[in-house]
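Visitor: Sharing a structure, written as structure tokens. Questions coming.
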Amino acid sequence: MLFIGGRAGTGKSSVASALHALLAAREVKHAVIEGDALDLAWPPPWEHDLAARNLRAVWANYRALGYRRLIYTNVMSVLESQQLAAAMDDQPTVTGVLLDVSDDGMRERLRQRESGTSLAAHVERNLPRRALLERGAPAWVHRVPTDGRSVAELATQIAQFTGWMVG
């Protein structure tokens with residue numbers, strides 16, 4: 001299981017998509033799950049452990065079809081890796097990656113997808129997350145800066161961490 005975490009604007013979804021394309025081109029069987037979609041509701045159901053419960057259900061379907069590799073993206077995923085890996089019910093080998101971007105880089109990337117009060121709220125919420133994620137992520141999690149790097153370059157680096165590509 002590969003967890004890709006990082007505050008908004010670090011490129012988690014873009015990197016996961018590029019990694020998916022890289023693995024698919026090498027015919028490496030895998031699945032990608034955007035963790036945000038597992039508990040996106042109002043009011044937020046975080047206290048009910050819905051993301052882990054939904055991951056268990058979705059992964060059971062992938063596992064039944066023979067999948068054994070999962071790319072999972074979510075801002076806080078590297079902080080919740082033990083709980084999420086346990087939800088898979090098959091004791092996966094875990095690789096964690098914490099993507100990082102400068103404050104200016106984060107603002108620029110968020111400007112590309114948010115505007116007005118939504119932009120301001122995302123920036124305000126995500127400025128302190130950089131330090132929170134860095135402090136909270138276990139030492140075994142790979143720290144990967146994304147400023148000035150292409151998603152293809154990042155995907156190639158992260159693929160090497162997993163050992164999923166041979167040759």
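Labeling convention for the structure tokens: chains A, B, ... as they appear, residues from 1 per chain, ligands from 1 in order of appearance.
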When you look at Ala152 (chain A) with a cut-off of 9 Å (counting only C-alpha atoms), what residues show up, excluding the ones that are within fewer than 2 positions of it in the same chain? I need them as a PyMOL selection string.

Guide: chain A and resi 15+18-19+22+149-150+154-157

Visitor: Do you know which residues are at most 7 Å from Tyr72 (chain A) counting only C-alpha atoms, after dropping those on the same chain fewer than 4 positions away, and could you put them as a PDB file with C-alpha atoms, in the first residue's frame?

Guide:
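around-v2.pdb, freshly written:
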ATOM      1  CA  LEU A   2       1.310   3.406  -0.961  1.00  0.00           C
ATOM      2  CA  PHE A   3       0.041   6.393   0.995  1.00  0.00           C
ATOM      3  CA  ILE A   4       0.531   9.761  -0.668  1.00  0.00           C
ATOM      4  CA  VAL A  32      -5.926   4.035  -7.021  1.00  0.00           C
ATOM      5  CA  ILE A  33      -8.279   5.379  -4.371  1.00  0.00           C
ATOM      6  CA  GLU A  34      -8.747   9.069  -3.624  1.00  0.00           C
ATOM      7  CA  GLY A  35      -9.252   8.973   0.118  1.00  0.00           C
TER       8      GLY A  35
END

Visitor: Determine the nearest neighbour of Leu127 (chain A) from the options A:Ser13, A:Ser102, A:Thr95, A:Ser115, counting only C-alpha atoms.

Guide: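 With only C-alpha atoms as the atom set, the closest residue is A:Ser102.
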
Visitor: Could you tell me which of A:Met76, A:Leu119, A:Leu38, A:Val151 comes closest to Arg53 (chain A) if we count only C-alpha atoms?

Guide: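 Smallest distance to Arg53 (chain A) is found for A:Leu38.
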
Visitor: From a DSSP calculation on the backbone, collect every residue of region 5-159 of chain A in strand (DSSP E) and output the set as a ChimeraX atom specification.

Guide: /A:5,31-34,70-73,95-100,142-145

Visitor: Which residues are close to Asp147 (chain A), i.e. within 10 Å by only C-alpha atoms, leaving aside same-chain residues fewer than 3 positions away? Reply as an MDAnalysis selection string.

Guide: chainID A and resid 10:11 99:102 104:106 144 150

Visitor: Using only C-alpha atoms, can you tell me which of A:Leu98, A:Val75, A:Val58, A:Leu70 comes closest to Val28 (chain A)?

Guide: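 For Val28 (chain A), the nearest of the candidates is A:Leu70.
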